[in-house]
Every structure is written in C-alpha cells, then in structure tokens.
>>> print(open('upload-v8.txt').read())   # compact mmCIF, N, CA, C and O atoms
# COMPACT_ATOMS: atom_id res chain seq x y z
N MET A 1 55.85 191.46 108.70
CA MET A 1 56.67 190.63 107.85
C MET A 1 56.46 191.05 106.40
O MET A 1 55.34 191.17 105.93
N THR A 2 57.53 191.26 105.68
CA THR A 2 57.43 191.66 104.29
C THR A 2 57.11 190.45 103.43
O THR A 2 57.52 189.33 103.73
N PRO A 3 56.37 190.66 102.34
CA PRO A 3 56.04 189.51 101.48
C PRO A 3 57.28 188.93 100.82
O PRO A 3 58.25 189.63 100.55
N ASP A 4 57.20 187.65 100.55
CA ASP A 4 58.29 186.95 99.88
C ASP A 4 58.36 187.42 98.43
O ASP A 4 57.35 187.41 97.72
N PRO A 5 59.55 187.83 97.96
CA PRO A 5 59.62 188.34 96.58
C PRO A 5 59.41 187.27 95.52
O PRO A 5 59.13 187.59 94.37
N GLY A 6 59.53 186.02 95.85
CA GLY A 6 59.32 184.96 94.88
C GLY A 6 60.52 184.75 93.98
O GLY A 6 61.55 185.40 94.13
N LEU A 7 60.37 183.85 93.04
CA LEU A 7 61.44 183.56 92.10
C LEU A 7 61.42 184.58 90.96
O LEU A 7 60.38 185.11 90.60
N SER A 8 62.55 184.80 90.37
CA SER A 8 62.67 185.73 89.26
C SER A 8 61.92 185.20 88.03
O SER A 8 61.90 184.00 87.77
N PHE A 9 61.31 186.12 87.27
CA PHE A 9 60.59 185.72 86.07
C PHE A 9 61.54 185.12 85.04
O PHE A 9 61.14 184.29 84.23
N GLY A 10 62.80 185.53 85.08
CA GLY A 10 63.78 185.01 84.13
C GLY A 10 63.96 183.51 84.24
O GLY A 10 64.32 182.85 83.25
N LEU A 11 63.69 182.95 85.41
CA LEU A 11 63.78 181.50 85.56
C LEU A 11 62.67 180.77 84.80
O LEU A 11 62.82 179.61 84.41
N PHE A 12 61.55 181.44 84.60
CA PHE A 12 60.41 180.81 83.93
C PHE A 12 60.38 181.08 82.43
O PHE A 12 59.60 180.47 81.71
N MET A 13 61.21 181.99 81.96
CA MET A 13 61.22 182.35 80.54
C MET A 13 61.54 181.15 79.64
O MET A 13 60.91 181.00 78.59
N PRO A 14 62.46 180.25 80.00
CA PRO A 14 62.69 179.07 79.14
C PRO A 14 61.44 178.20 78.97
O PRO A 14 61.23 177.62 77.90
N LEU A 15 60.57 178.14 79.98
CA LEU A 15 59.34 177.36 79.83
C LEU A 15 58.39 178.03 78.84
O LEU A 15 57.72 177.36 78.05
N VAL A 16 58.33 179.36 78.87
CA VAL A 16 57.49 180.08 77.93
C VAL A 16 58.01 179.87 76.50
O VAL A 16 57.23 179.59 75.58
N LEU A 17 59.31 179.98 76.35
CA LEU A 17 59.91 179.78 75.02
C LEU A 17 59.74 178.34 74.55
O LEU A 17 59.49 178.10 73.36
N ALA A 18 59.87 177.39 75.46
CA ALA A 18 59.68 175.99 75.08
C ALA A 18 58.24 175.73 74.65
O ALA A 18 57.99 174.98 73.70
N GLY A 19 57.29 176.36 75.33
CA GLY A 19 55.89 176.22 74.93
C GLY A 19 55.63 176.80 73.56
O GLY A 19 54.91 176.20 72.74
N ALA A 20 56.22 177.96 73.28
CA ALA A 20 56.06 178.57 71.96
C ALA A 20 56.71 177.70 70.88
O ALA A 20 56.14 177.49 69.80
N LEU A 21 57.92 177.20 71.16
CA LEU A 21 58.61 176.34 70.20
C LEU A 21 57.82 175.06 69.96
O LEU A 21 57.71 174.59 68.82
N TYR A 22 57.24 174.50 71.01
CA TYR A 22 56.43 173.30 70.86
C TYR A 22 55.24 173.56 69.94
O TYR A 22 54.93 172.76 69.05
N ALA A 23 54.56 174.69 70.16
CA ALA A 23 53.41 175.02 69.32
C ALA A 23 53.82 175.16 67.86
O ALA A 23 53.14 174.65 66.96
N VAL A 24 54.94 175.83 67.62
CA VAL A 24 55.42 176.00 66.24
C VAL A 24 55.74 174.65 65.62
O VAL A 24 55.38 174.38 64.46
N LEU A 25 56.41 173.79 66.37
CA LEU A 25 56.79 172.48 65.82
C LEU A 25 55.58 171.59 65.56
O LEU A 25 55.55 170.85 64.56
N VAL A 26 54.59 171.64 66.44
CA VAL A 26 53.39 170.83 66.23
C VAL A 26 52.63 171.31 65.00
O VAL A 26 52.17 170.51 64.17
N ILE A 27 52.49 172.62 64.88
CA ILE A 27 51.81 173.17 63.70
C ILE A 27 52.58 172.83 62.42
O ILE A 27 51.99 172.42 61.42
N ALA A 28 53.90 172.99 62.49
CA ALA A 28 54.72 172.66 61.31
C ALA A 28 54.61 171.18 60.97
O ALA A 28 54.52 170.82 59.78
N GLY A 29 54.59 170.32 61.98
CA GLY A 29 54.44 168.89 61.73
C GLY A 29 53.11 168.56 61.07
O GLY A 29 53.04 167.74 60.15
N GLY A 30 52.03 169.23 61.52
CA GLY A 30 50.72 169.01 60.92
C GLY A 30 50.66 169.48 59.47
O GLY A 30 50.11 168.80 58.61
N VAL A 31 51.25 170.66 59.22
CA VAL A 31 51.26 171.18 57.84
C VAL A 31 52.09 170.28 56.93
O VAL A 31 51.68 169.95 55.81
N LEU A 32 53.25 169.87 57.41
CA LEU A 32 54.11 169.00 56.60
C LEU A 32 53.46 167.65 56.34
O LEU A 32 53.63 167.07 55.27
N GLU A 33 52.71 167.15 57.33
CA GLU A 33 52.05 165.86 57.15
C GLU A 33 50.94 165.96 56.08
O GLU A 33 50.77 165.06 55.27
N ARG A 34 50.22 167.06 56.09
CA ARG A 34 49.16 167.25 55.08
C ARG A 34 49.75 167.38 53.68
O ARG A 34 49.11 167.01 52.71
N ARG A 35 50.94 167.92 53.61
CA ARG A 35 51.59 168.07 52.30
C ARG A 35 52.33 166.80 51.87
O ARG A 35 52.88 166.74 50.79
N GLY A 36 52.40 165.82 52.76
CA GLY A 36 53.05 164.57 52.43
C GLY A 36 54.57 164.65 52.49
O GLY A 36 55.25 163.86 51.84
N SER A 37 55.10 165.55 53.29
CA SER A 37 56.55 165.71 53.38
C SER A 37 57.16 164.64 54.28
O SER A 37 56.52 164.16 55.22
N GLU A 38 58.38 164.31 53.99
CA GLU A 38 59.09 163.32 54.80
C GLU A 38 59.60 163.91 56.12
O GLU A 38 60.04 163.19 57.00
N PHE A 39 59.54 165.23 56.25
CA PHE A 39 60.03 165.89 57.47
C PHE A 39 58.95 166.04 58.54
O PHE A 39 59.20 166.59 59.60
N ALA A 40 57.74 165.57 58.28
CA ALA A 40 56.64 165.69 59.25
C ALA A 40 56.95 164.93 60.53
O ALA A 40 56.76 165.44 61.64
N GLU A 41 57.46 163.72 60.39
CA GLU A 41 57.79 162.93 61.57
C GLU A 41 58.94 163.55 62.34
O GLU A 41 58.95 163.53 63.57
N THR A 42 59.90 164.13 61.66
CA THR A 42 61.01 164.80 62.31
C THR A 42 60.52 165.99 63.13
O THR A 42 60.98 166.21 64.26
N ALA A 43 59.58 166.76 62.59
CA ALA A 43 59.03 167.90 63.33
C ALA A 43 58.26 167.42 64.56
O ALA A 43 58.37 168.02 65.63
N SER A 44 57.50 166.34 64.42
CA SER A 44 56.77 165.80 65.57
C SER A 44 57.72 165.29 66.64
O SER A 44 57.49 165.48 67.84
N ASN A 45 58.79 164.62 66.23
CA ASN A 45 59.79 164.14 67.19
C ASN A 45 60.49 165.30 67.89
O ASN A 45 60.78 165.23 69.08
N ALA A 46 60.78 166.37 67.14
CA ALA A 46 61.41 167.54 67.74
C ALA A 46 60.48 168.21 68.75
O ALA A 46 60.92 168.69 69.80
N ALA A 47 59.17 168.22 68.46
CA ALA A 47 58.20 168.78 69.41
C ALA A 47 58.17 167.96 70.69
O ALA A 47 58.14 168.51 71.80
N PHE A 48 58.20 166.65 70.55
CA PHE A 48 58.22 165.78 71.73
C PHE A 48 59.50 166.00 72.54
O PHE A 48 59.46 166.07 73.77
N LEU A 49 60.62 166.12 71.86
CA LEU A 49 61.89 166.37 72.54
C LEU A 49 61.85 167.71 73.26
O LEU A 49 62.37 167.85 74.38
N CYS A 50 61.21 168.70 72.67
CA CYS A 50 61.08 170.02 73.29
C CYS A 50 60.28 169.92 74.59
O CYS A 50 60.65 170.51 75.60
N ILE A 51 59.20 169.16 74.57
CA ILE A 51 58.39 168.99 75.78
C ILE A 51 59.16 168.21 76.85
O ILE A 51 59.06 168.51 78.04
N LEU A 52 59.92 167.22 76.46
CA LEU A 52 60.73 166.48 77.43
C LEU A 52 61.76 167.39 78.09
O LEU A 52 61.97 167.33 79.31
N ALA A 53 62.39 168.26 77.31
CA ALA A 53 63.36 169.21 77.86
C ALA A 53 62.67 170.19 78.81
O ALA A 53 63.20 170.53 79.87
N ALA A 54 61.46 170.64 78.44
CA ALA A 54 60.72 171.55 79.32
C ALA A 54 60.33 170.86 80.62
O ALA A 54 60.37 171.47 81.69
N ALA A 55 59.98 169.59 80.55
CA ALA A 55 59.64 168.84 81.76
C ALA A 55 60.85 168.69 82.67
O ALA A 55 60.75 168.83 83.90
N ALA A 56 62.00 168.41 82.09
CA ALA A 56 63.22 168.31 82.89
C ALA A 56 63.55 169.65 83.53
O ALA A 56 63.94 169.70 84.71
N TYR A 57 63.37 170.73 82.80
CA TYR A 57 63.62 172.06 83.37
C TYR A 57 62.61 172.39 84.46
O TYR A 57 62.94 173.04 85.45
N ALA A 58 61.36 171.92 84.33
CA ALA A 58 60.37 172.14 85.37
C ALA A 58 60.77 171.42 86.66
O ALA A 58 60.54 171.93 87.76
N VAL A 59 61.38 170.24 86.53
CA VAL A 59 61.87 169.54 87.71
C VAL A 59 63.00 170.34 88.37
O VAL A 59 63.05 170.47 89.59
N VAL A 60 63.88 170.91 87.54
CA VAL A 60 64.95 171.76 88.08
C VAL A 60 64.36 172.95 88.82
O VAL A 60 64.81 173.31 89.91
N LEU A 61 63.33 173.58 88.25
CA LEU A 61 62.68 174.70 88.92
C LEU A 61 62.03 174.28 90.23
O LEU A 61 62.06 175.03 91.21
N ALA A 62 61.46 173.09 90.26
CA ALA A 62 60.86 172.60 91.50
C ALA A 62 61.91 172.42 92.58
O ALA A 62 61.69 172.76 93.75
N VAL A 63 63.07 171.90 92.21
CA VAL A 63 64.15 171.73 93.19
C VAL A 63 64.65 173.10 93.67
O VAL A 63 64.87 173.30 94.88
N ILE A 64 64.80 174.04 92.76
CA ILE A 64 65.23 175.40 93.14
C ILE A 64 64.23 176.02 94.10
O ILE A 64 64.59 176.63 95.11
N THR A 65 62.96 175.86 93.81
CA THR A 65 61.91 176.40 94.67
C THR A 65 61.94 175.75 96.04
O THR A 65 61.84 176.42 97.06
N PHE A 66 62.09 174.45 96.07
CA PHE A 66 62.10 173.74 97.34
C PHE A 66 63.28 174.18 98.20
O PHE A 66 63.13 174.37 99.40
N VAL A 67 64.44 174.35 97.59
CA VAL A 67 65.63 174.74 98.36
C VAL A 67 65.55 176.19 98.81
O VAL A 67 65.84 176.51 99.96
N SER A 68 65.13 177.10 97.92
CA SER A 68 65.16 178.51 98.26
C SER A 68 63.96 178.97 99.09
O SER A 68 64.05 179.97 99.78
N LYS A 69 62.87 178.26 99.03
CA LYS A 69 61.66 178.67 99.75
C LYS A 69 61.23 177.64 100.77
O LYS A 69 60.05 177.40 100.98
N PHE A 70 62.17 177.07 101.48
CA PHE A 70 61.84 175.99 102.41
C PHE A 70 60.91 176.45 103.52
O PHE A 70 60.01 175.73 103.92
N GLY A 71 61.10 177.67 104.03
CA GLY A 71 60.23 178.19 105.08
C GLY A 71 58.79 178.33 104.62
O GLY A 71 57.85 178.04 105.35
N VAL A 72 58.59 178.76 103.39
CA VAL A 72 57.25 178.89 102.84
C VAL A 72 56.64 177.51 102.63
O VAL A 72 55.45 177.30 102.88
N ILE A 73 57.44 176.57 102.18
CA ILE A 73 56.95 175.21 101.95
C ILE A 73 56.56 174.57 103.28
O ILE A 73 55.57 173.84 103.36
N ASP A 74 57.30 174.88 104.34
CA ASP A 74 56.97 174.38 105.67
C ASP A 74 55.58 174.87 106.08
O ASP A 74 54.76 174.09 106.57
N ASP A 75 55.29 176.15 105.86
CA ASP A 75 53.96 176.69 106.16
C ASP A 75 52.90 176.04 105.28
O ASP A 75 51.80 175.73 105.75
N PHE A 76 53.22 175.83 104.02
CA PHE A 76 52.28 175.20 103.10
C PHE A 76 51.91 173.80 103.56
O PHE A 76 50.73 173.42 103.56
N VAL A 77 52.90 173.03 103.97
CA VAL A 77 52.63 171.66 104.43
C VAL A 77 51.78 171.69 105.70
O VAL A 77 50.82 170.91 105.83
N TYR A 78 52.08 172.60 106.62
CA TYR A 78 51.31 172.71 107.86
C TYR A 78 49.85 173.05 107.56
O TYR A 78 48.94 172.42 108.09
N ILE A 79 49.63 174.04 106.70
CA ILE A 79 48.26 174.44 106.36
C ILE A 79 47.53 173.31 105.65
O ILE A 79 46.35 173.05 105.90
N THR A 80 48.23 172.61 104.75
CA THR A 80 47.61 171.49 104.05
C THR A 80 47.19 170.39 105.02
O THR A 80 46.09 169.84 104.89
N LEU A 81 48.02 170.09 106.00
CA LEU A 81 47.67 169.07 106.98
C LEU A 81 46.48 169.50 107.83
O LEU A 81 45.62 168.67 108.17
N VAL A 82 46.40 170.77 108.18
CA VAL A 82 45.26 171.27 108.94
C VAL A 82 43.97 171.14 108.13
O VAL A 82 42.93 170.70 108.65
N VAL A 83 44.02 171.50 106.85
CA VAL A 83 42.84 171.39 105.99
C VAL A 83 42.42 169.93 105.83
O VAL A 83 41.23 169.60 105.91
N ILE A 84 43.38 169.04 105.62
CA ILE A 84 43.07 167.61 105.49
C ILE A 84 42.45 167.09 106.78
O ILE A 84 41.47 166.34 106.76
N GLY A 85 43.00 167.50 107.92
CA GLY A 85 42.44 167.08 109.21
C GLY A 85 41.02 167.58 109.40
O GLY A 85 40.14 166.85 109.87
N PHE A 86 40.78 168.84 109.04
CA PHE A 86 39.43 169.39 109.16
C PHE A 86 38.43 168.59 108.33
O PHE A 86 37.36 168.23 108.82
N PHE A 87 38.76 168.32 107.08
CA PHE A 87 37.83 167.59 106.23
C PHE A 87 37.69 166.14 106.65
O PHE A 87 36.63 165.53 106.46
N ALA A 88 38.72 165.55 107.24
CA ALA A 88 38.60 164.18 107.76
C ALA A 88 37.63 164.15 108.94
O ALA A 88 36.77 163.26 109.04
N ILE A 89 37.73 165.14 109.83
CA ILE A 89 36.81 165.21 110.97
C ILE A 89 35.39 165.48 110.48
O ILE A 89 34.43 164.86 110.96
N LEU A 90 35.25 166.38 109.52
CA LEU A 90 33.93 166.68 108.96
C LEU A 90 33.31 165.44 108.30
O LEU A 90 32.13 165.13 108.51
N ALA A 91 34.10 164.72 107.52
CA ALA A 91 33.60 163.50 106.87
C ALA A 91 33.21 162.45 107.91
O ALA A 91 32.18 161.77 107.76
N GLY A 92 34.01 162.31 108.96
CA GLY A 92 33.67 161.36 110.02
C GLY A 92 32.38 161.74 110.73
O GLY A 92 31.53 160.88 111.01
N ALA A 93 32.20 163.03 111.01
CA ALA A 93 30.99 163.48 111.68
C ALA A 93 29.77 163.25 110.79
O ALA A 93 28.72 162.79 111.25
N LEU A 94 29.89 163.57 109.51
CA LEU A 94 28.77 163.35 108.59
C LEU A 94 28.46 161.86 108.42
O LEU A 94 27.30 161.48 108.27
N LEU A 95 29.48 161.02 108.45
CA LEU A 95 29.26 159.58 108.38
C LEU A 95 28.50 159.09 109.61
O LEU A 95 27.57 158.28 109.51
N LEU A 96 28.86 159.61 110.79
CA LEU A 96 28.14 159.22 112.00
C LEU A 96 26.69 159.68 111.95
O LEU A 96 25.79 158.94 112.35
N VAL A 97 26.45 160.90 111.47
CA VAL A 97 25.08 161.39 111.35
C VAL A 97 24.29 160.51 110.38
O VAL A 97 23.14 160.13 110.65
N GLU A 98 24.90 160.15 109.27
CA GLU A 98 24.23 159.27 108.30
C GLU A 98 23.91 157.92 108.91
O GLU A 98 22.82 157.36 108.70
N MET A 99 24.83 157.37 109.69
CA MET A 99 24.59 156.07 110.33
C MET A 99 23.47 156.19 111.36
O MET A 99 22.62 155.30 111.46
N LEU A 100 23.45 157.29 112.12
CA LEU A 100 22.38 157.47 113.11
C LEU A 100 21.03 157.63 112.44
O LEU A 100 20.03 157.07 112.91
N VAL A 101 20.97 158.38 111.35
CA VAL A 101 19.71 158.54 110.61
C VAL A 101 19.25 157.18 110.09
O VAL A 101 18.06 156.85 110.15
N GLY A 102 20.15 156.37 109.62
CA GLY A 102 19.79 155.03 109.14
C GLY A 102 19.27 154.14 110.24
O GLY A 102 18.27 153.43 110.06
N VAL A 103 19.92 154.18 111.40
CA VAL A 103 19.47 153.35 112.53
C VAL A 103 18.11 153.81 113.00
O VAL A 103 17.22 152.99 113.27
N ILE A 104 17.91 155.13 113.11
CA ILE A 104 16.62 155.64 113.56
C ILE A 104 15.54 155.29 112.54
O ILE A 104 14.42 154.89 112.91
N GLY A 105 15.84 155.42 111.26
CA GLY A 105 14.86 155.09 110.22
C GLY A 105 14.48 153.63 110.23
O GLY A 105 13.32 153.28 110.06
N ARG A 106 15.46 152.75 110.44
CA ARG A 106 15.16 151.31 110.48
C ARG A 106 14.35 150.95 111.71
O ARG A 106 13.45 150.12 111.65
N SER A 107 14.66 151.57 112.84
CA SER A 107 13.90 151.25 114.07
C SER A 107 12.46 151.75 113.99
O SER A 107 11.55 151.11 114.50
N ARG A 108 12.23 152.88 113.34
CA ARG A 108 10.86 153.38 113.16
C ARG A 108 10.10 152.51 112.17
O ARG A 108 8.90 152.34 112.28
N GLY A 109 10.82 151.99 111.19
CA GLY A 109 10.18 151.11 110.20
C GLY A 109 9.70 149.82 110.83
O GLY A 109 8.70 149.25 110.43
N ARG A 110 10.42 149.32 111.81
CA ARG A 110 10.04 148.07 112.47
C ARG A 110 8.85 148.28 113.40
O ARG A 110 8.05 147.38 113.63
N ASP A 111 8.79 149.50 114.00
CA ASP A 111 7.71 149.78 114.95
C ASP A 111 6.36 149.89 114.27
O ASP A 111 5.33 149.60 114.86
N SER A 112 6.32 150.28 113.00
CA SER A 112 5.01 150.48 112.37
C SER A 112 4.46 149.23 111.77
O SER A 112 4.76 148.19 111.76
>>> encode(input="upload-v8.txt", output="structure tokens")
Amino acid sequence: MTPDPGLSFGLFMPLVLAGALYAVLVIAGGVLERRGSEFAETASNAAFLCILAAAAYAVVLAVITFVSKFGVIDDFVYITLVVIGFFAILAGALLLVEMLVGVIGRSRGRDS
C-alpha cells in the first residue's frame, strides 16, 4: 500500500500567514500602547480578529481532512479504541493487585 500523500501545504499557508500577521499586530499594539497612541486598542482588536479568522479556517481544514481522509480517520479511531481498551484492562488489573495487597496486608496485621 502506498503512503497517503496528505493534504497540500498550500491549504496550511493561510494559517502560517495569520500567525505572522498576529505576531506583527500584537507587537505593534504593544509598541503603540507604550507610546500612548490611540491606535493601540485598534491593533489589539485586529490581532484578536486575526486569531478568530484563523480559528474558523482551522475548523474548515478539519472538515476538509475529515471528508477527504475518512479511511485514515477510521483506522485512527480503531487504534485509539484499542489503546484505550488496553490501558483500561491494565488499570483494572493493577487495581485488583492493589486491593489484594491491601487485603493480605490487613490480614497479616491482625494475625500478629
């Protein structure tokens, strides 16, 4: 089976640009605030709006991934359930061992 080519990098480029724009706006807001400019709050609001837009685009990317990679997601869910089941059984077994050690310890304490 050939490896899955994945999503194109071009789909993620807006997130990189939004991160860079956010950094510029936050820095500009901090500099303007130190200088006492009235545009400091506007820069901070624009940075927040930039992050909101990036979050909305991340949701769009998640939907695109879910639709285009459904077979891979199916495998991911199956493997995740197996791992959760394994650790649940392991935790249950360790809990039983702990309870047995406690019962044995209490019974030996009464005998002495």
>>> residues_around(input="upload-v8.txt", residues="region 2-19 of chain A", least_positions_apart="4", cutoff="7 Å", atoms="only N, CA, C and O atoms", output="list in words")
Ala23, Val24, Leu25, Ala47, Cys50, Ile51, Ala54, Tyr57 and Leu61 of chain A
>>> atom_distance(input="upload-v8.txt", atom1="CA of Phe48 (chain A)", atom2="CA of Val31 (chain A)")
16.4 Å
>>> select_by_dssp(input="upload-v8.txt", residues="chain A", states="alpha helix (DSSP H)", output="ChimeraX atom specification")
/A:13-34,40-68,70-111
>>> atom_distance(input="upload-v8.txt", atom1="CA of Leu21 (chain A)", atom2="CA of Ala62 (chain A)")
21.7 Å
>>> residues_around(input="upload-v8.txt", residues="region 38-45 of chain A", least_positions_apart="4", cutoff="6 Å", atoms="all atoms listed in the file", output="MDAnalysis selection string")
chainID A and resid 25:26 28:29 32:33 49:50
>>> atom_distance(input="upload-v8.txt", atom1="atom N of Leu52 (chain A)", atom2="atom O of Tyr22 (chain A)")
10.5 Å
>>> decode(input="upload-v8.txt", residues="region 14-95 of chain A", atoms="C-alpha atoms", output="compact mmCIF listing (two decimals), in the first residue's frame")
# COMPACT_ATOMS: atom_id res chain seq x y z
CA PRO A 14 -3.13 30.91 5.41
CA LEU A 15 -2.57 29.68 8.98
CA VAL A 16 1.14 30.49 8.75
CA LEU A 17 0.36 33.93 7.37
CA ALA A 18 -2.30 34.52 10.01
CA GLY A 19 0.21 33.61 12.73
CA ALA A 20 2.76 36.04 11.31
CA LEU A 21 0.13 38.79 10.99
CA TYR A 22 -0.99 38.15 14.57
CA ALA A 23 2.59 38.49 15.84
CA VAL A 24 3.05 41.75 13.94
CA LEU A 25 -0.23 43.16 15.24
CA VAL A 26 0.49 42.18 18.85
CA ILE A 27 3.95 43.73 18.71
CA ALA A 28 2.57 46.85 17.05
CA GLY A 29 -0.16 47.08 19.70
CA GLY A 30 2.43 46.84 22.48
CA VAL A 31 4.66 49.49 20.91
CA LEU A 32 1.73 51.83 20.30
CA GLU A 33 0.50 51.35 23.86
CA ARG A 34 3.91 52.28 25.28
CA ARG A 35 3.91 55.40 23.15
CA GLY A 36 0.43 56.31 24.33
CA SER A 37 -1.15 56.13 20.88
CA GLU A 38 -4.88 55.90 20.42
CA PHE A 39 -4.40 53.15 17.81
CA ALA A 40 -3.06 50.61 20.34
CA GLU A 41 -6.50 49.23 21.10
CA THR A 42 -7.31 49.03 17.39
CA ALA A 43 -4.16 46.97 16.77
CA SER A 44 -5.03 44.63 19.65
CA ASN A 45 -8.57 44.21 18.34
CA ALA A 46 -7.24 43.49 14.84
CA ALA A 47 -4.91 40.83 16.31
CA PHE A 48 -7.85 39.20 18.07
CA LEU A 49 -9.88 39.29 14.86
CA CYS A 50 -6.96 37.69 13.02
CA ILE A 51 -6.87 34.81 15.50
CA LEU A 52 -10.64 34.34 15.25
CA ALA A 53 -10.36 34.12 11.46
CA ALA A 54 -7.51 31.61 11.79
CA ALA A 55 -9.60 29.51 14.17
CA ALA A 56 -12.51 29.50 11.74
CA TYR A 57 -10.15 28.45 8.94
CA ALA A 58 -8.75 25.68 11.17
CA VAL A 59 -12.30 24.34 11.55
CA VAL A 60 -12.65 24.40 7.75
CA LEU A 61 -9.38 22.46 7.47
CA ALA A 62 -10.63 19.92 10.00
CA VAL A 63 -13.78 19.36 7.95
CA ILE A 64 -11.74 19.01 4.74
CA THR A 65 -9.47 16.50 6.46
CA PHE A 66 -12.38 14.52 7.84
CA VAL A 67 -14.09 14.30 4.45
CA SER A 68 -11.01 13.57 2.34
CA LYS A 69 -9.24 11.21 4.75
CA PHE A 70 -12.16 9.24 6.14
CA GLY A 71 -10.40 5.87 5.69
CA VAL A 72 -7.38 7.07 7.66
CA ILE A 73 -9.62 8.51 10.36
CA ASP A 74 -11.41 5.16 10.59
CA ASP A 75 -8.05 3.47 11.30
CA PHE A 76 -7.17 6.19 13.79
CA VAL A 77 -10.40 5.68 15.73
CA TYR A 78 -9.90 1.90 15.76
CA ILE A 79 -6.32 2.18 17.03
CA THR A 80 -7.36 4.75 19.64
CA LEU A 81 -10.09 2.43 20.95
CA VAL A 82 -7.63 -0.47 21.16
CA VAL A 83 -5.16 1.66 23.14
CA ILE A 84 -7.92 2.89 25.48
CA GLY A 85 -9.09 -0.69 25.99
CA PHE A 86 -5.56 -1.87 26.75
CA PHE A 87 -5.00 0.81 29.37
CA ALA A 88 -8.44 0.20 30.90
CA ILE A 89 -7.61 -3.50 31.31
CA LEU A 90 -4.16 -2.64 32.68
CA ALA A 91 -5.64 -0.16 35.18
CA GLY A 92 -8.23 -2.72 36.26
CA ALA A 93 -5.58 -5.40 36.76
CA LEU A 94 -3.37 -3.04 38.76
CA LEU A 95 -6.37 -2.01 40.88
